[in-house]
Amino acid sequence: MRKEIVEKLKAIVGEDYVLVNQEQTLGYLYDETEELLRPSAAMDSVVVKPSNPEEISKIMKLANEEMVLVVPRGGGTGLCGAAIPTKTSIVLTDERLNKIIEVDDSNMMVTCEAGVTLAMLIEEMNKHEKLFFPVHPGDEGAHLGGMVVENAGGAKAIRHGIMRNHIKALEVVLPTGEIVNLGGKLIKNNMGLDLLQLMIGSEGILGIVTKLTLKLYPKEKFTGTLLISFDTREDAISVVPEILQAGIIPLAIEYLEREIAVESAKHLGETWPASVGNVDLMIILSEAKEDDLYEKSEEIVEICENHNALDTLIAETSKEQHSILAIRSNVYTAVVHDAADALDMAVPIASIPEFMNEIFEIANKYGARTPAVGHAGDGNIHNFIMRENGEMPSYYEEIKIDMYKTAIKFGGTITAEHGTGKTRKENMELQLSMREIEIIKGIKLVFDPNNILNPGTIIDAKK
Amino acid sequence: MKILVLIKQVPDMEKVKFDSEKGVIDRKSAGTEINPFDLNALEAAVQIKEKVGGEVIALTMGPPTAESALKEAISRGADNGILVSDRVFGGSDTKATSATLSAAIKKFGEFDLVIAGEKTVDGDTGQVGPETAEMLEVPHVSFVTEIIEIEEKSITLVSEIWEGSYLKKMMYPGLITVTKSINAPRLPSFKMKMQAKKAQLISYSLEDLNGFLAEVDTGFKGSPTKVKKIVVPEDTLRECKIFRDGFDKAIEDLYSVMNEKNLLN
Amino acid sequence: MEYKGILVFAEHNDGIIHKITYELLNKAKELCKTKEMSVYAAVFGEIETDINELFYRGADKVFCVKDNEFNMPDEMIYTENFYNVIKIAKPEIVLIGATTFGRSIAPRLAAKLKTGLTADCTELKIDADGKLVQIRPAFSDNILAHIKTDTLPQMATIRYKEFEESKSDENRTGEIIEIKAVNLAEKVVEIIRKISSKEIDISEAEVVVSGGRGIKNPDDFKMLEELALLMGGVVGASRAVVDDGYISKDHQVGYSGNRVKPKLYIACGISGAAQHIAGMKESDTIIAINNDPSAQIFNYADIGIVADMYEIVPQMISYLNSKGGLK
């Protein structure tokens with residue numbers, strides 16, 4: 001990075017908040033993307049830590065004048081390389097924008113700065129008796145701003161949907177430096193095109209989110225986590241549509257292969273509670289009345305027993321439920337060092353059994369192992385392409401494309417929640433038409449005529 | 001093998017609120033659970049039963065609502081539960097609690113083993129186990145981290161005490177207290193949970209314990225230790241004292257913190 | 001006969017008096033400033049213990065019960081003999097260290113004496129009525145309860161390292177009272193052997209010195225270990241260096257590692273990612289050393305040193321050594 005730019009950045013945010021020393025910047029150059037897939041970061045990037053949108057605005061104006069690249073960064077928990085600066089860039093972290101501004105009980109909304117972590121929000125909501133925020137993508141170190149632009153999903157999508165369903169307002173610094181406020185605490189709002197929705201899932205190429213307002217929901221008093229064990233994957237998966245058809249909408253239905261669950265538990269120094277069988281369904285229920293919780297549990301257990309379920313355990317204490325969820329959330333971290341790629345496909349829920357059969361057939365064809373976990377209740381399965389002797393397997397590209405094509409055949413997607421980023425953009429043509437891709441490029445250049453904000457993420461928008 | 005497990009219903013510590021201005025504890029909003037250490041005790045008992053056969057009875061002293069803790073114990077593998085409940089038991093300290101529990105055990109009859117958790121998360125004393133053992137006039141082994149062998153007349157255990165681990169062999173009847181590291185408690189089976197809802201629990205009042213317990217030895221009257229005051233320390237906000245130079249002073253400050261906290265060897 | 005004086009349990013292991021004993025003697029002497037009392041110590045065992053040291057540290061009288069049986073942690077035998085000593089000494093206050101052994105015998109003894117016992121106290125005072133006020137944390141350290149005992153003796157176990165040790169004064173002397181050991185007719189617990197000495201578990205350690213990305217070489221953890229050992233502490237690490245294979249995962253502090261709550265946490269070259277903060281923010285005192293003045297860790301620290309850890313840590317070690325911190 002050029003010296004005069006560093007000086008100008010220091011003039012904007014203060015001397016302390018510009019890092020140039022590699023030892024200090026290293027922690028800001030990568031995210032959680034699989035090591036063998038992630039692109040290399042440009043080591044001469046600098047890190048800036050602005051404290052308000054005005055400073056960010058000045059940085060964007062400077063970047064346009066000097067034609068330097070800017071890569072926005074949240075908690076660094078992303079899984080598609082969106083936050084990795086592949087060319088010399090200003091890495092702009094939102095870590096100092098970390099205040100929870102207001103919990104608005106009457107409108108049931110919370111307004112936070114973008115750098116607030118999911119853990120901080122959960123802690124804040126634990127203090128409130130009545131309200132909670134439902135989205136839980138796993139790693140609680142994620143920043144809310146990052147969860148907005150990655151349109152995070154996670155385990156609790158069946159009942160409560162994904163980030164997109166809960167975002168009411170955003171404050172955004174545009175690539176050209178203007179500060180705009182999108183949306184508001186409204187239920188209905190039809191003016192113009194909805195730029196707020198466009199910003200959600202934009203992976204930091206259309207603007208830098210600095211503040212957000214999220215919808216909150218009433219807490220239900222009685223929660224329980226069922227852990228139902230099966231011998232076969234087919235049995236476990238086949239109950240999922242039946243549970244939903246019975247009119248039961250749990251917070252989450254997670255599918256876990258035992259091998260992975262045990263490894264993840266061990267990684268955390270805990271014990272996976274289920275021992276019989278080979279695969280488990282983890283079903284989180286939440287009801288206003290205790291009787292409803294048990295009635296629905298009984299109904300679920302009955303459906304599962306009709307599909308050869310071996311045993312059902314129930315966790316009701318907050319500690320035990322939290323422990324199971326933590327083990328589930330830790331799967332990626334525990335397995336990733338052995339994995340080449342953690343896939344993120346989704347299909348319509350009715351197609352999950354057939355889709356998974358085909359995925360396992362493909363794996364067999366290549367003589368590969370593909371352990372899987374997944375948000376079975378919302379159609380999003382994460383199966384791993386494993387390393388061979390620590391290396392990328394020779395068949396990696398082919399097996400991946402075969403699997404992607406299978407997902408698309410079922411009307412599915414290549415990436416349900418992890419994002420396109422820098423690691424999946426090459427495969428976009430499998431799923432989107434050329435015209436759609438052109439429109440995405442066009443939108444990017446309308447927002448960012450100089451293509452300086454996180455270029456090379458989602459698309460390569462050459463002029 | 002007849003095993004009694006001492007359990008206590010405690011508030012969910014993650015949800016208890018403490019008011020530092022009024023010095024009060026709000027347990028109501030918290031909900032209750034079985035003291036986490038007692039789950040290890042129960043698991044140890046159930047594992048012994050699975051190995052050598054026998055019966056596991058959960059025993060608790062508490063209000064009538066503590067019934068739910070006993071039912072939960074059944075869903076986690078106990079065969080039955082005893083609820084020791086009476087208005088006069090209210091306000092018991094560890095001595096009165098131990099007197100009441102040991103009376104209930106005597107009333108229940110013969111046993112081989114009593115298992116308790118190392119301590120409770122609300123009282124934090126760890127006293128009820130050994131006090132109960134003394135009142136039952138049976139031996140006890142504390143801080144058990146491993147059960148090595150279950151023999152006909154004795155049990156061989158590892159006890160973590162005296163800054164080390166000791167292998168001890170205890171004759172029945174006796175009492176042990178277990179640590180968290182002894183096992184990973186199982187989750188309740190859903191089937192057992194549903195069955196436990198209908199379980200017929202044993203229940204003792206003061207009158208039922210006649211001959212084993214006098215009213216003066218239980219409840220507030222039987223409690224020599226009295227809480228005179230409760231102070232809830234305020235959450236102190238950290239104010240970081242930053243040193244950019246003059247590190248000698250920083251190290252001196254650090255040294256005085258270490259001294260204050262008595263940390264130096 | 002009236003109950004009088006304070007009795008301190010002189011716990012020892014292999015003849016080495018546990019330091020909590022000197023802390024209790026110190027506190028006992030301090031309580032005597034409010035109320036005039038004699039300070040007694042009770043020591044059990046056929047050992048080489050220098051009983052004079054108990055006088056030097058503040059005891060006026062030492063009750064001594066000699067027998068080989070006391071060389072093993074047998075709660076039943078200790079209780080019988082301790083009971084006997086109390087019946088003879090008749091102290092109004094009995095203080096026992098809240099070590100594992102102390103917490104195991106004290107309740108048994110209290111039950112035998114039919115008196116009250118307060119666990120794990122962190123402060124003691126004498127009230128206006130001459131009674132002992134026992135202050136102890138409860139509800140997982142969220143509250144402090146002030147407790148008084150109606151019966152005699154008033155008994156309490158006291159947390160280790162809450163009070164300072166008394167200074168050794170070789171001019172002090174006192175009276176040794178030997179009491180004959182009572183042995184149990186039938187031994188119901190056989191202590192087969194000692195298996196191992198306790199290793200410090202990071203989640204229970206009182207001091208944790210952690211290293212993060214600022215560590216350049218795995219060997220450099222030795223420097224942190226040296227600092228930690230000066231305070232009887234252990235070494236921790238952030239996820240970044242554990243993932244890089246610098247140190248084993250047992251040492252990892254954070255959301256997907258150990259959650260620690262030591263009295264002192266020293267973070268060296270750790271930036272303070274949310275993942276790490278979740279594992280250590282409950283520590284009593286947090287010291288952060290990082291050459292990045294904008295590092296998040298400073299927002300969670302009590303003392304922040306903006307400097308290279310390679311410069312500061314050796315300075316700290318030599319400073320502590322110069323103060324005679326090493327055992």
# chains A, B, ... in the order shown; residues from 1 in each chain; ligands from 1

$ closest_atom_pairs --of "chain C" --to "chain B" --cutoff "6 Å" --atoms "only C-alpha atoms" --output "tab-separated table"
residue	atom	partner	partner_atom	distance
C:Thr100	CA	B:Ile161	CA	5.3
C:Phe101	CA	B:Ile161	CA	5.7
C:Pro107	CA	B:Glu131	CA	5.0
C:Arg108	CA	B:Glu131	CA	4.8
C:Ala111	CA	B:Glu131	CA	5.3
C:Gly116	CA	B:Pro224	CA	5.0
C:Ala119	CA	B:Thr125	CA	5.1
C:Ala138	CA	B:Gly123	CA	5.7
C:Phe139	CA	B:Asp122	CA	4.2
C:Ser140	CA	B:Val121	CA	5.9
C:Ile143	CA	B:Val232	CA	4.5
C:Leu144	CA	B:Val231	CA	5.0
C:Ala145	CA	B:Ile230	CA	4.5
C:His146	CA	B:Lys229	CA	5.0
C:Ile147	CA	B:Val227	CA	4.4
C:Lys148	CA	B:Lys226	CA	5.4
C:Thr149	CA	B:Thr225	CA	4.3
C:Asp150	CA	B:Pro224	CA	4.8
C:Thr151	CA	B:Pro224	CA	5.7
C:Lys161	CA	B:Asn262	CA	5.9
C:Val188	CA	B:Met171	CA	5.4
C:Val189	CA	B:Met170	CA	4.4
C:Glu190	CA	B:Lys169	CA	5.0
C:Ile191	CA	B:Lys168	CA	4.4
C:Ile192	CA	B:Leu167	CA	5.4
C:Arg193	CA	B:Leu167	CA	5.4
C:Lys194	CA	B:Tyr166	CA	4.4
C:Ile195	CA	B:Ser165	CA	5.3
C:Ser196	CA	B:Ser165	CA	5.2
C:Ser197	CA	B:Gly164	CA	4.0
C:Lys198	CA	B:Gly164	CA	4.6
C:Met231	CA	B:Leu264	CA	4.7
C:Ala301	CA	B:Cys240	CA	5.3
C:Asp302	CA	B:Cys240	CA	4.3
C:Ile303	CA	B:Lys241	CA	4.7
C:Gly304	CA	B:Ile242	CA	4.5
C:Ile305	CA	B:Phe243	CA	4.8
C:Val306	CA	B:Arg244	CA	5.1
C:Gly325	CA	B:Leu264	CA	5.7
C:Lys327	CA	B:Asn265	CA	5.6

$ residues_around --residues "Thr179 in chain B" --least-positions-apart "5" --cutoff "8 Å" --atoms "only C-alpha atoms" --output "count of residues only"
7

$ residues_around --residues "Lys409 in chain A" --least-positions-apart "4" --cutoff "10 Å" --atoms "only C-alpha atoms" --output "MDAnalysis selection string"
chainID A and resid 347 355 403:405 413 431

$ interface_residues --of "chain B" --to "chain A" --cutoff "9 Å" --atoms "only C-alpha atoms" --output "ChimeraX atom specification"
/B:12,14-15,17,29,32-34,184-191,193-194

$ write_last_selection --atoms "N, CA and C atoms" --output "compact mmCIF listing (two decimals), in the first residue's frame"
# COMPACT_ATOMS: atom_id res chain seq x y z
N ASP B 12 -31.98 -22.34 37.60
CA ASP B 12 -31.09 -22.34 36.44
C ASP B 12 -30.16 -21.14 36.57
N GLU B 14 -27.96 -19.81 34.87
CA GLU B 14 -27.75 -18.89 33.76
C GLU B 14 -28.84 -17.82 33.71
N LYS B 15 -29.95 -18.12 34.39
CA LYS B 15 -31.08 -17.18 34.27
C LYS B 15 -31.41 -16.44 35.56
N LYS B 17 -31.39 -13.77 38.33
CA LYS B 17 -30.99 -12.36 38.29
C LYS B 17 -30.65 -11.89 39.70
N SER B 29 -37.83 -15.93 37.96
CA SER B 29 -37.76 -15.88 36.50
C SER B 29 -36.85 -16.97 35.94
N THR B 32 -36.29 -23.99 37.14
CA THR B 32 -35.48 -24.85 37.99
C THR B 32 -34.89 -26.00 37.19
N GLU B 33 -33.87 -26.61 37.77
CA GLU B 33 -33.28 -27.81 37.19
C GLU B 33 -32.66 -28.63 38.31
N ILE B 34 -32.29 -29.85 37.99
CA ILE B 34 -31.55 -30.64 38.98
C ILE B 34 -30.14 -30.09 39.05
N ALA B 184 -20.24 -38.48 32.01
CA ALA B 184 -21.07 -37.52 31.28
C ALA B 184 -22.52 -37.98 31.45
N PRO B 185 -23.32 -37.24 32.22
CA PRO B 185 -24.68 -37.70 32.49
C PRO B 185 -25.47 -37.89 31.20
N ARG B 186 -26.26 -38.95 31.18
CA ARG B 186 -27.07 -39.21 29.99
C ARG B 186 -28.24 -38.24 29.94
N LEU B 187 -28.79 -38.08 28.77
CA LEU B 187 -30.02 -37.29 28.63
C LEU B 187 -31.19 -38.19 29.01
N PRO B 188 -32.30 -37.57 29.43
CA PRO B 188 -33.48 -38.40 29.70
C PRO B 188 -33.95 -39.07 28.42
N SER B 189 -34.38 -40.32 28.58
CA SER B 189 -35.00 -40.97 27.44
C SER B 189 -36.43 -40.43 27.34
N PHE B 190 -36.87 -40.19 26.13
CA PHE B 190 -38.21 -39.61 25.96
C PHE B 190 -39.29 -40.55 26.48
N LYS B 191 -39.13 -41.83 26.20
CA LYS B 191 -40.08 -42.85 26.68
C LYS B 191 -40.20 -42.80 28.20
N LYS B 193 -39.36 -40.46 30.14
CA LYS B 193 -39.89 -39.16 30.54
C LYS B 193 -41.42 -39.21 30.60
N MET B 194 -42.01 -39.80 29.56
CA MET B 194 -43.47 -39.88 29.52
C MET B 194 -43.98 -40.81 30.62

$ closest_atom_pairs --of "chain C" --to "chain A" --cutoff "9 Å" --atoms "only C-alpha atoms" --output "JSON lines"
{"residue": "C:Arg213", "atom": "CA", "partner": "A:Glu23", "partner_atom": "CA", "distance": 7.6}
{"residue": "C:Gly214", "atom": "CA", "partner": "A:Glu23", "partner_atom": "CA", "distance": 6.8}
{"residue": "C:Lys216", "atom": "CA", "partner": "A:Glu23", "partner_atom": "CA", "distance": 8.9}
{"residue": "C:Ala240", "atom": "CA", "partner": "A:Gly27", "partner_atom": "CA", "distance": 8.4}
{"residue": "C:Lys249", "atom": "CA", "partner": "A:His267", "partner_atom": "CA", "distance": 8.6}
{"residue": "C:Tyr255", "atom": "CA", "partner": "A:Glu140", "partner_atom": "CA", "distance": 8.6}
{"residue": "C:Ser256", "atom": "CA", "partner": "A:Leu268", "partner_atom": "CA", "distance": 5.9}
{"residue": "C:Gly257", "atom": "CA", "partner": "A:Leu268", "partner_atom": "CA", "distance": 6.2}
{"residue": "C:Asn258", "atom": "CA", "partner": "A:Leu268", "partner_atom": "CA", "distance": 8.4}
{"residue": "C:Ser271", "atom": "CA", "partner": "A:Gly27", "partner_atom": "CA", "distance": 8.2}
{"residue": "C:Ala273", "atom": "CA", "partner": "A:Gly141", "partner_atom": "CA", "distance": 7.7}
{"residue": "C:Ala274", "atom": "CA", "partner": "A:Gly141", "partner_atom": "CA", "distance": 5.1}
{"residue": "C:Gln275", "atom": "CA", "partner": "A:Gly141", "partner_atom": "CA", "distance": 5.7}
{"residue": "C:Ala278", "atom": "CA", "partner": "A:Ala119", "partner_atom": "CA", "distance": 8.4}
{"residue": "C:Asn291", "atom": "CA", "partner": "A:Gln24", "partner_atom": "CA", "distance": 8.2}
{"residue": "C:Asp292", "atom": "CA", "partner": "A:Gln24", "partner_atom": "CA", "distance": 6.7}
{"residue": "C:Pro293", "atom": "CA", "partner": "A:Asp16", "partner_atom": "CA", "distance": 5.7}
{"residue": "C:Ser294", "atom": "CA", "partner": "A:Tyr17", "partner_atom": "CA", "distance": 5.7}
{"residue": "C:Ala295", "atom": "CA", "partner": "A:Tyr17", "partner_atom": "CA", "distance": 8.9}
{"residue": "C:Gln296", "atom": "CA", "partner": "A:Glu95", "partner_atom": "CA", "distance": 7.9}

$ write_last_selection --atoms "N, CA and C atoms" --output "JSON list (two decimals), in the first residue's frame"
[["chain", "number", "residue", "atom", "x", "y", "z"],
["C", 213, "ARG", "N", -1.54, -14.63, 18.25],
["C", 213, "ARG", "CA", -0.86, -14.46, 16.98],
["C", 213, "ARG", "C", 0.48, -13.71, 17.11],
["C", 214, "GLY", "N", 0.63, -12.96, 18.19],
["C", 214, "GLY", "CA", 1.88, -12.23, 18.39],
["C", 214, "GLY", "C", 3.06, -13.15, 18.64],
["C", 216, "LYS", "N", 5.80, -15.65, 17.72],
["C", 216, "LYS", "CA", 6.41, -15.87, 16.40],
["C", 216, "LYS", "C", 6.84, -17.32, 16.21],
["C", 240, "ALA", "N", -6.09, -19.09, 17.04],
["C", 240, "ALA", "CA", -5.20, -18.94, 15.88],
["C", 240, "ALA", "C", -3.93, -19.77, 16.05],
["C", 249, "LYS", "N", -4.49, -28.34, 21.90],
["C", 249, "LYS", "CA", -5.81, -27.75, 22.08],
["C", 249, "LYS", "C", -6.23, -27.64, 23.54],
["C", 255, "TYR", "N", -14.45, -19.65, 22.87],
["C", 255, "TYR", "CA", -15.78, -20.22, 22.68],
["C", 255, "TYR", "C", -15.69, -21.70, 22.34],
["C", 256, "SER", "N", -14.77, -22.07, 21.45],
["C", 256, "SER", "CA", -14.59, -23.48, 21.15],
["C", 256, "SER", "C", -13.34, -24.00, 21.84],
["C", 257, "GLY", "N", -13.16, -23.66, 23.11],
["C", 257, "GLY", "CA", -12.03, -24.15, 23.88],
["C", 257, "GLY", "C", -12.41, -24.16, 25.34],
["C", 258, "ASN", "N", -11.48, -23.81, 26.20],
["C", 258, "ASN", "CA", -11.80, -23.75, 27.62],
["C", 258, "ASN", "C", -12.35, -22.37, 27.97],
["C", 271, "SER", "N", -5.25, -10.40, 19.88],
["C", 271, "SER", "CA", -5.98, -9.22, 19.42],
["C", 271, "SER", "C", -7.34, -9.10, 20.09],
["C", 273, "ALA", "N", -10.33, -11.45, 19.41],
["C", 273, "ALA", "CA", -11.48, -11.82, 18.60],
["C", 273, "ALA", "C", -12.60, -12.28, 19.53],
["C", 274, "ALA", "N", -13.84, -12.13, 19.07],
["C", 274, "ALA", "CA", -15.01, -12.50, 19.88],
["C", 274, "ALA", "C", -14.88, -13.92, 20.40],
["C", 275, "GLN", "N", -14.39, -14.80, 19.55],
["C", 275, "GLN", "CA", -14.15, -16.20, 19.89],
["C", 275, "GLN", "C", -13.31, -16.33, 21.17],
["C", 278, "ALA", "N", -14.99, -14.62, 24.56],
["C", 278, "ALA", "CA", -16.04, -15.44, 25.18],
["C", 278, "ALA", "C", -15.46, -16.38, 26.22],
["C", 291, "ASN", "N", 1.06, -4.88, 20.68],
["C", 291, "ASN", "CA", 1.65, -3.68, 20.10],
["C", 291, "ASN", "C", 0.68, -2.94, 19.17],
["C", 292, "ASP", "N", -0.52, -3.48, 19.03],
["C", 292, "ASP", "CA", -1.55, -2.78, 18.25],
["C", 292, "ASP", "C", -2.47, -2.03, 19.21],
["C", 293, "PRO", "N", -2.36, -0.69, 19.26],
["C", 293, "PRO", "CA", -3.15, 0.05, 20.25],
["C", 293, "PRO", "C", -4.65, -0.07, 20.00],
["C", 294, "SER", "N", -5.06, -0.49, 18.80],
["C", 294, "SER", "CA", -6.49, -0.57, 18.51],
["C", 294, "SER", "C", -7.02, -1.98, 18.74],
["C", 295, "ALA", "N", -6.19, -2.89, 19.27],
["C", 295, "ALA", "CA", -6.63, -4.27, 19.46],
["C", 295, "ALA", "C", -7.85, -4.32, 20.38],
["C", 296, "GLN", "N", -8.83, -5.14, 20.01],
["C", 296, "GLN", "CA", -10.07, -5.28, 20.78],
["C", 296, "GLN", "C", -9.82, -5.68, 22.23]]

$ closest_residue --among "A:Glu4, A:Glu388, A:Glu417, A:Glu54" --to "Glu171 in chain A" --atoms "only C-alpha atoms"
A:Glu54

$ residues_around --residues "Asp292 in chain A" --least-positions-apart "2" --cutoff "12 Å" --atoms "only C-alpha atoms" --output "PDB file with C-alpha atoms, in the first residue's frame"
ATOM      1  CA  GLU A 220     -41.790 -19.156  24.068  1.00  0.00           C
ATOM      2  CA  LYS A 221     -41.511 -20.545  27.538  1.00  0.00           C
ATOM      3  CA  PHE A 222     -41.102 -24.240  26.905  1.00  0.00           C
ATOM      4  CA  THR A 223     -38.302 -25.528  24.756  1.00  0.00           C
ATOM      5  CA  GLY A 224     -36.924 -28.989  24.258  1.00  0.00           C
ATOM      6  CA  ILE A 248     -45.470 -29.422  13.367  1.00  0.00           C
ATOM      7  CA  PRO A 250     -40.030 -27.007  15.037  1.00  0.00           C
ATOM      8  CA  LEU A 285     -39.153 -27.462  19.705  1.00  0.00           C
ATOM      9  CA  SER A 286     -40.422 -24.319  21.321  1.00  0.00           C
ATOM     10  CA  GLU A 287     -43.976 -23.871  22.541  1.00  0.00           C
ATOM     11  CA  ALA A 288     -45.964 -21.502  24.706  1.00  0.00           C
ATOM     12  CA  LYS A 289     -47.521 -24.354  26.689  1.00  0.00           C
ATOM     13  CA  GLU A 290     -45.808 -27.327  28.278  1.00  0.00           C
ATOM     14  CA  TYR A 294     -44.889 -32.967  24.929  1.00  0.00           C
ATOM     15  CA  GLU A 295     -47.800 -33.615  22.582  1.00  0.00           C
ATOM     16  CA  LYS A 296     -45.785 -32.518  19.589  1.00  0.00           C
ATOM     17  CA  SER A 297     -42.797 -34.505  20.804  1.00  0.00           C
ATOM     18  CA  GLU A 298     -44.942 -37.613  21.090  1.00  0.00           C
ATOM     19  CA  GLU A 299     -46.284 -37.080  17.595  1.00  0.00           C
TER      20      GLU A 299
END

$ closest_residue --among "A:Asn308, A:Leu170, A:Glu259, A:Phe384" --to "Ser229 in chain A" --atoms "only C-alpha atoms"
A:Asn308

$ residues_around --residues "Leu54 in chain C" --least-positions-apart "5" --cutoff "8 Å" --atoms "only C-alpha atoms" --output "PyMOL selection string"
chain C and resi 22+41+59+62

$ write_last_selection --atoms "N, CA and C atoms" --output "short mmCIF file (atom, residue, chain, number, x, y, z; two decimals), in the first residue's frame"
data_model
loop_
_atom_site.label_atom_id
_atom_site.label_comp_id
_atom_site.auth_asym_id
_atom_site.auth_seq_id
_atom_site.Cartn_x
_atom_site.Cartn_y
_atom_site.Cartn_z
N TYR C 22 -0.93 -20.91 57.54
CA TYR C 22 -0.33 -19.63 57.96
C TYR C 22 -1.28 -18.46 57.64
N ALA C 41 -3.37 -24.16 67.43
CA ALA C 41 -3.29 -24.93 66.18
C ALA C 41 -3.41 -26.40 66.55
N ALA C 59 0.65 -19.18 66.57
CA ALA C 59 -0.08 -20.02 67.50
C ALA C 59 0.46 -19.81 68.92
N VAL C 62 -0.18 -25.44 70.68
CA VAL C 62 -0.35 -26.40 69.59
C VAL C 62 -0.78 -27.74 70.18
#

$ residues_around --residues "Asn217 in chain C" --least-positions-apart "5" --cutoff "12 Å" --atoms "only C-alpha atoms" --output "ChimeraX atom specification"
/C:211-212,222-223,241,244-247,310

$ closest_residue --among "B:Ile48, B:Ala214, B:Ala73, B:Val84" --to "Leu113 in chain B" --atoms "only C-alpha atoms"
B:Ile48
